[in-house]
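J.: Here it is: the structure, laid out below.
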Amino acid sequence: MKNYEVVWILEEIADLLELAGENPFKARAYRRAARSLEALDRPIGELVAEGSLREVPGVGEAIAGKIAELVTTGRLAYLERLRAQVPPGLKEMLAIPGVGPRLARLFYEELKIDSIAALEEAARAQRLRELRGVGAKVELNILQGIQRLRERPARVPLGVVLPIGEEIRAALAGLPGVRRAELAGSARRRRDTVGDLDFLVAAEDAAPVMAFFTRLPVGDEVLAQGEKKASVLHRGGFQMDLRVVRPEEFAPAWLYFTGSKEHNIRLRGLAQEKGYKLNEYGLFALPEEKPVPAESEADLYRALGLPFIEPELREDRGEIEAARAGALPVLIERRELRGDLHVHSRWSDGTAALKDLKAAAAARGYEYLAICDHSKSLGIARGLDVQRLRAQWEEIDALNARGGVRLLKGVEVDILADGRLDLPDEVLAELDVVVASVHTGLKQEAEQLWRRVEGALRNPHVDILAHPSGRLLGQREASALDLERVIALAAETGTALEINSFPDRLDLTDLMARRAAEAGVALVINTDAHAVDQLDYIEYGVATARRGWIGARHVLNTLPLTELLARLERKAQRR
DNA sequence: GCCGTTTTCGGCCCGACTGTTTTCAGTCG
């Protein structure tokens with residue numbers, strides 16, 4: 001059983017406990033355990049086998065017992081009892097904005113409503129308003145909520161919302177009376193997808209900022225509006241939230257609204273231990289609530305006895321413990337990258353000429369750029385055969401003769417459905433960089449996929465496995481390939497794994513990249529750019545790496561050119 | 001259900017907004 005399957009089940013138990021009207025702290029305990037296990041860097045089965053499950057924060061005797069049952073038998077009697085007790089439709093109702101466990105339960109107990117469809121019908125028939133605490137407005141909101149649920153895109157890729165967020169942030173920052181405007185929430189933490197875009201503004205007078213925000217041309221509908229807080233639905237279907245605070249409240253507010261929720265809960269717990277109260281307005285010494293001065297987030301962390309924690313780490317995935325122990329990682333920064341090792345040109349399905357890519361790389365301060373066009377089997381992408389590949393080398397040599405950014409001869413060679421590579425070894429041996437990837441047969445069984453990838457990893461000429469899971473955000477799930485096995489073999493063979501920066505890939509994910517780095521696997525942050533401007537996608541790959549606790553020492557394309565080439569050569573010579 | 005330089009029992013993060021209410025419950029983040 002996969003870790004994420006255990007996590008889902010614990011979350012389902014939490015939902016069901018809430019719907020059953022159980023002690024809410026019990027449900028929270030299951031959620032906390034789920035969060036801890038999500039961040040675990042080992043298979044849960046191993047912990048069960050060695051009896052160390054209870055060392056995981058939030059996992060006590062009862063939950064450990066249930067996980068053990070689940071992992072060893074594949075079933076959980078407790079869950080089955082809960083499922084039998086709570087109709088499945090109640091859980092589905094929780095997805096409707098404005099419907100929580102109490103309302104779902106009320107609808108079921110009083111009106112026997114056990115599905116979204118039945119709820120919609122009852123709301124239309126105006127039967128919900130008969131219930132105590134429910135009026136016409138709630139009924140209307142539920143109908144709109146159901147509508148929105150059907151229309152809304154799930155979470156939106158970071159690469160889509162971040163440019164929008166930055167533009168609006170800049171506009172807010174330019175308003176008269178605004179001292180500061182920043183992104184917060186999951187966009188600031190650089191999660192791969194963003195549910196809603198959060199803005200925080202420091203201003204003495206909130207009214208003009210609220211007025212501007214609720215009348216943005218890109219806004220479709222104002223969902224909520226108070227004196228200092230508003231929510232607007234963006235035309236793209238995602239929600240945008242604004243908070244306006246007084247300038248002296250900015251630091252605690254930014255900390256608070258950046259989250260994650262789980263990180264905040266831990267910080268508040270630490271504050272309590274130290275005799276403080278922490279909220280979005282500041283840190284206060286109890287019992288008289290005397291404010292503790294803090295001009296920055298770093299001041300607040302310091303008051304709690306911690307060093308500054310980078311936003312990308314704030315997920316309660318061990319960063320609090322690491323901070324307390326003085327063991328926070330030094331995270332990679334974009335300027336540390338000396339080149340991009342996976343770029344397409346006009347030679348296959350890219351749009352840019354080699355000379356323009358070279359100029360663009362120079363403009364970004366790079367030392368090298370690997371041209372990795374597709375190999376011939378990818379006909380749809382005008383993949384290169386040996387002859388055209390050699391012709392491309394001539395152009396590369398001519399450009400390199402002029403000095404400046406060094407173009408590396410590379411290829412993105414297809415791992416064919418039968419496991420062979422799409423180019424002969426003797427050709428691969430002549431290249432500076434070989435990136436291998438699976439583009440077809442992504443729906444194969446895990447074992448079949450594994451045999452294909454295993455062959456590529458064991459090939460002495462393959463330097464990098466690109467976009468290992470094959471996922472496309474919002475379009476295609478990760479393949480069944482067992483990435484734990486890939487990581488183990490990549491470590492053994494000295495093959496690097498790619499963090500692909502393309503906004504709908506971000507593959508490896510933050511968590512998998514972290515596991516790979518911890519297993520001693522070298523990582524490469526690439527864009528997979530098919531156009532000049534896409535070289536800037538590198539920002540999202542760097543963000544993913546940072547969320548994976550990764551520093552420059554784990555990443556091959558931080559190496560100077562000669563060291564990089566020596567490192568790539570080393571694998572080929574291991575045989 | 002978890003957890004403990006106050007604690008093995010009694011707590012468990014905290015506030016804004018909304019809607020239905022005459023003082024608060026539910027939801028959300």
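For the structure tokens, the naming scheme is as follows: chains receive sequential letters (A, B, ...) according to their order of presentation, residues are indexed from 1 within each chain, and ligands are indexed from 1 in presentation order.
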Show me which bits of chain B are within 7 Å of chain A, counting only C-alpha atoms (C1' of nucleotides), as a list in words.

T.: DG1, DC2, DC12, DC13, DC14, DT20 and DT27 of chain B

J.: Take the residues that were just selected and, keeping N, CA and C atoms (P, O5', C5', C4', C3', O3' and C1' of nucleotides), output them as a PDB file, in the first residue's frame.

T.:
```pdb
ATOM      1  P    DG B   1     -10.230   6.662  19.116  1.00  0.00           P
ATOM      2  O5'  DG B   1      -9.331   7.984  18.881  1.00  0.00           O
ATOM      3  C5'  DG B   1      -8.854   8.200  17.600  1.00  0.00           C
ATOM      4  C4'  DG B   1      -7.555   8.973  17.691  1.00  0.00           C
ATOM      5  C3'  DG B   1      -6.531   8.386  18.660  1.00  0.00           C
ATOM      6  O3'  DG B   1      -5.248   8.591  18.071  1.00  0.00           O
ATOM      7  C1'  DG B   1      -7.156  10.561  19.396  1.00  0.00           C
ATOM      8  P    DC B   2      -3.900   8.205  18.793  1.00  0.00           P
ATOM      9  O5'  DC B   2      -3.329   9.638  19.198  1.00  0.00           O
ATOM     10  C5'  DC B   2      -3.146  10.603  18.176  1.00  0.00           C
ATOM     11  C4'  DC B   2      -2.454  11.823  18.749  1.00  0.00           C
ATOM     12  C3'  DC B   2      -1.241  11.499  19.626  1.00  0.00           C
ATOM     13  O3'  DC B   2      -0.162  12.337  19.256  1.00  0.00           O
ATOM     14  C1'  DC B   2      -2.820  12.817  20.845  1.00  0.00           C
ATOM     15  P    DC B  12      -7.557  24.762  24.874  1.00  0.00           P
ATOM     16  O5'  DC B  12      -6.940  23.861  23.719  1.00  0.00           O
ATOM     17  C5'  DC B  12      -5.520  23.778  23.580  1.00  0.00           C
ATOM     18  C4'  DC B  12      -5.212  22.732  22.545  1.00  0.00           C
ATOM     19  C3'  DC B  12      -5.850  23.039  21.178  1.00  0.00           C
ATOM     20  O3'  DC B  12      -4.876  22.910  20.168  1.00  0.00           O
ATOM     21  C1'  DC B  12      -6.385  20.847  21.868  1.00  0.00           C
ATOM     22  P    DC B  13      -5.120  23.713  18.776  1.00  0.00           P
ATOM     23  O5'  DC B  13      -4.839  25.212  19.181  1.00  0.00           O
ATOM     24  C5'  DC B  13      -3.518  25.721  19.109  1.00  0.00           C
ATOM     25  C4'  DC B  13      -3.586  27.153  18.680  1.00  0.00           C
ATOM     26  C3'  DC B  13      -4.716  27.913  19.367  1.00  0.00           C
ATOM     27  O3'  DC B  13      -4.232  29.208  19.680  1.00  0.00           O
ATOM     28  C1'  DC B  13      -5.024  27.983  17.018  1.00  0.00           C
ATOM     29  P    DC B  14      -5.042  30.193  20.568  1.00  0.00           P
ATOM     30  O5'  DC B  14      -5.768  31.126  19.505  1.00  0.00           O
ATOM     31  C5'  DC B  14      -4.969  31.912  18.619  1.00  0.00           C
ATOM     32  C4'  DC B  14      -5.866  32.529  17.595  1.00  0.00           C
ATOM     33  C3'  DC B  14      -7.125  33.196  18.162  1.00  0.00           C
ATOM     34  O3'  DC B  14      -6.997  34.581  17.960  1.00  0.00           O
ATOM     35  C1'  DC B  14      -7.577  31.935  16.183  1.00  0.00           C
ATOM     36  P    DT B  20     -30.172  33.222   6.117  1.00  0.00           P
ATOM     37  O5'  DT B  20     -30.543  33.081   7.655  1.00  0.00           O
ATOM     38  C5'  DT B  20     -30.174  31.877   8.305  1.00  0.00           C
ATOM     39  C4'  DT B  20     -30.261  32.070   9.792  1.00  0.00           C
ATOM     40  C3'  DT B  20     -31.620  32.622  10.260  1.00  0.00           C
ATOM     41  O3'  DT B  20     -32.164  31.780  11.257  1.00  0.00           O
ATOM     42  C1'  DT B  20     -29.837  33.878  11.173  1.00  0.00           C
ATOM     43  P    DT B  27     -21.039  23.810   8.859  1.00  0.00           P
ATOM     44  O5'  DT B  27     -20.086  24.834   8.124  1.00  0.00           O
ATOM     45  C5'  DT B  27     -20.648  25.806   7.258  1.00  0.00           C
ATOM     46  C4'  DT B  27     -19.553  26.707   6.741  1.00  0.00           C
ATOM     47  C3'  DT B  27     -18.301  25.967   6.249  1.00  0.00           C
ATOM     48  O3'  DT B  27     -18.123  26.273   4.875  1.00  0.00           O
ATOM     49  C1'  DT B  27     -17.725  27.813   7.642  1.00  0.00           C
TER      50       DT B  27
END
```

J.: What parts of stretch 264-495 of chain A does DSSP call alpha helix (DSSP H)? I'd like the answer as a PyMOL selection string.

T.: chain A and resi 264-273+297-303+319-324+354-363+386-400+425-428+446-458+483-493

J.: Please produce a file of the residues just selected, as an mmCIF file, in the first residue's frame, where the atoms kept are C-alpha atoms.

T.:
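Below you can see selection-v1.cif, which holds the result:
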```cif
data_model
loop_
_atom_site.group_PDB
_atom_site.id
_atom_site.type_symbol
_atom_site.label_atom_id
_atom_site.label_comp_id
_atom_site.auth_asym_id
_atom_site.auth_seq_id
_atom_site.Cartn_x
_atom_site.Cartn_y
_atom_site.Cartn_z
ATOM 1 C CA ASN A 264 0.568 28.156 11.663
ATOM 2 C CA ILE A 265 -0.964 25.707 14.080
ATOM 3 C CA ARG A 266 2.505 24.547 15.072
ATOM 4 C CA LEU A 267 3.720 28.137 15.506
ATOM 5 C CA ARG A 268 0.751 28.955 17.694
ATOM 6 C CA GLY A 269 1.494 25.904 19.768
ATOM 7 C CA LEU A 270 5.091 27.070 20.214
ATOM 8 C CA ALA A 271 3.836 30.529 21.154
ATOM 9 C CA GLN A 272 1.599 29.014 23.811
ATOM 10 C CA GLU A 273 4.486 27.016 25.262
ATOM 11 C CA GLU A 297 8.670 37.599 9.934
ATOM 12 C CA ALA A 298 12.228 36.906 11.065
ATOM 13 C CA ASP A 299 11.534 38.889 14.268
ATOM 14 C CA LEU A 300 8.501 36.732 14.964
ATOM 15 C CA TYR A 301 10.343 33.472 14.384
ATOM 16 C CA ARG A 302 13.176 34.721 16.594
ATOM 17 C CA ALA A 303 10.746 35.504 19.410
ATOM 18 C CA GLU A 319 10.688 22.287 9.203
ATOM 19 C CA ILE A 320 9.757 23.273 12.768
ATOM 20 C CA GLU A 321 11.839 20.447 14.207
ATOM 21 C CA ALA A 322 14.718 21.233 11.833
ATOM 22 C CA ALA A 323 14.550 24.914 12.755
ATOM 23 C CA ARG A 324 14.647 24.106 16.472
ATOM 24 C CA LEU A 354 19.715 27.760 -32.013
ATOM 25 C CA LYS A 355 21.309 31.196 -32.231
ATOM 26 C CA ASP A 356 18.325 32.773 -30.498
ATOM 27 C CA LEU A 357 18.414 30.166 -27.738
ATOM 28 C CA LYS A 358 22.089 30.891 -27.283
ATOM 29 C CA ALA A 359 21.432 34.629 -26.986
ATOM 30 C CA ALA A 360 18.564 34.011 -24.566
ATOM 31 C CA ALA A 361 20.786 31.815 -22.402
ATOM 32 C CA ALA A 362 23.423 34.560 -22.339
ATOM 33 C CA ALA A 363 20.797 37.115 -21.335
ATOM 34 C CA VAL A 386 20.901 10.074 -36.718
ATOM 35 C CA GLN A 387 21.481 11.966 -39.916
ATOM 36 C CA ARG A 388 19.588 15.097 -38.859
ATOM 37 C CA LEU A 389 21.143 14.905 -35.406
ATOM 38 C CA ARG A 390 24.612 15.035 -36.976
ATOM 39 C CA ALA A 391 23.534 17.957 -39.120
ATOM 40 C CA GLN A 392 22.425 19.753 -35.964
ATOM 41 C CA TRP A 393 25.876 19.191 -34.434
ATOM 42 C CA GLU A 394 27.451 21.129 -37.289
ATOM 43 C CA GLU A 395 25.303 24.134 -36.519
ATOM 44 C CA ILE A 396 26.087 23.795 -32.802
ATOM 45 C CA ASP A 397 29.823 23.594 -33.513
ATOM 46 C CA ALA A 398 29.650 26.704 -35.673
ATOM 47 C CA LEU A 399 27.832 28.643 -32.931
ATOM 48 C CA ASN A 400 30.238 27.407 -30.246
ATOM 49 C CA ASP A 425 24.387 3.509 -28.077
ATOM 50 C CA GLU A 426 27.281 4.550 -30.308
ATOM 51 C CA VAL A 427 25.413 7.728 -31.244
ATOM 52 C CA LEU A 428 24.427 8.427 -27.625
ATOM 53 C CA ALA A 446 3.795 -0.654 -13.181
ATOM 54 C CA GLU A 447 6.010 -3.653 -13.884
ATOM 55 C CA GLN A 448 6.129 -3.066 -17.628
ATOM 56 C CA LEU A 449 6.939 0.618 -17.143
ATOM 57 C CA TRP A 450 9.597 -0.312 -14.649
ATOM 58 C CA ARG A 451 11.352 -2.658 -17.068
ATOM 59 C CA ARG A 452 11.495 0.113 -19.675
ATOM 60 C CA VAL A 453 12.857 2.707 -17.281
ATOM 61 C CA GLU A 454 15.238 0.233 -15.681
ATOM 62 C CA GLY A 455 16.865 -0.319 -19.050
ATOM 63 C CA ALA A 456 17.322 3.407 -19.551
ATOM 64 C CA LEU A 457 18.779 3.942 -16.066
ATOM 65 C CA ARG A 458 21.237 1.106 -16.577
ATOM 66 C CA LEU A 483 9.274 6.158 -8.265
ATOM 67 C CA GLU A 484 10.767 4.708 -5.081
ATOM 68 C CA ARG A 485 12.365 2.012 -7.208
ATOM 69 C CA VAL A 486 13.473 4.582 -9.775
ATOM 70 C CA ILE A 487 15.136 6.619 -7.036
ATOM 71 C CA ALA A 488 16.960 3.583 -5.662
ATOM 72 C CA LEU A 489 18.285 2.576 -9.083
ATOM 73 C CA ALA A 490 19.161 6.153 -10.031
ATOM 74 C CA ALA A 491 21.274 6.321 -6.879
ATOM 75 C CA GLU A 492 22.940 3.036 -7.738
ATOM 76 C CA THR A 493 23.684 3.869 -11.383
#
```

J.: Name all residues at most 7 Å from stretch 527-543 of chain A (count only C-alpha atoms (C1' of nucleotides); drop same-chain ones fewer than 4 positions away) and give them as number ranges by chain.

T.: A: 159, 190, 333-334, 340, 342-345, 349-352, 357, 360, 499-503, 506, 547

J.: DSSP says strand (DSSP E or B) for which residues of stretch 245-330 of chain A? Put them as a ChimeraX atom specification?

T.: /A:245,276-279,282-285,290-292
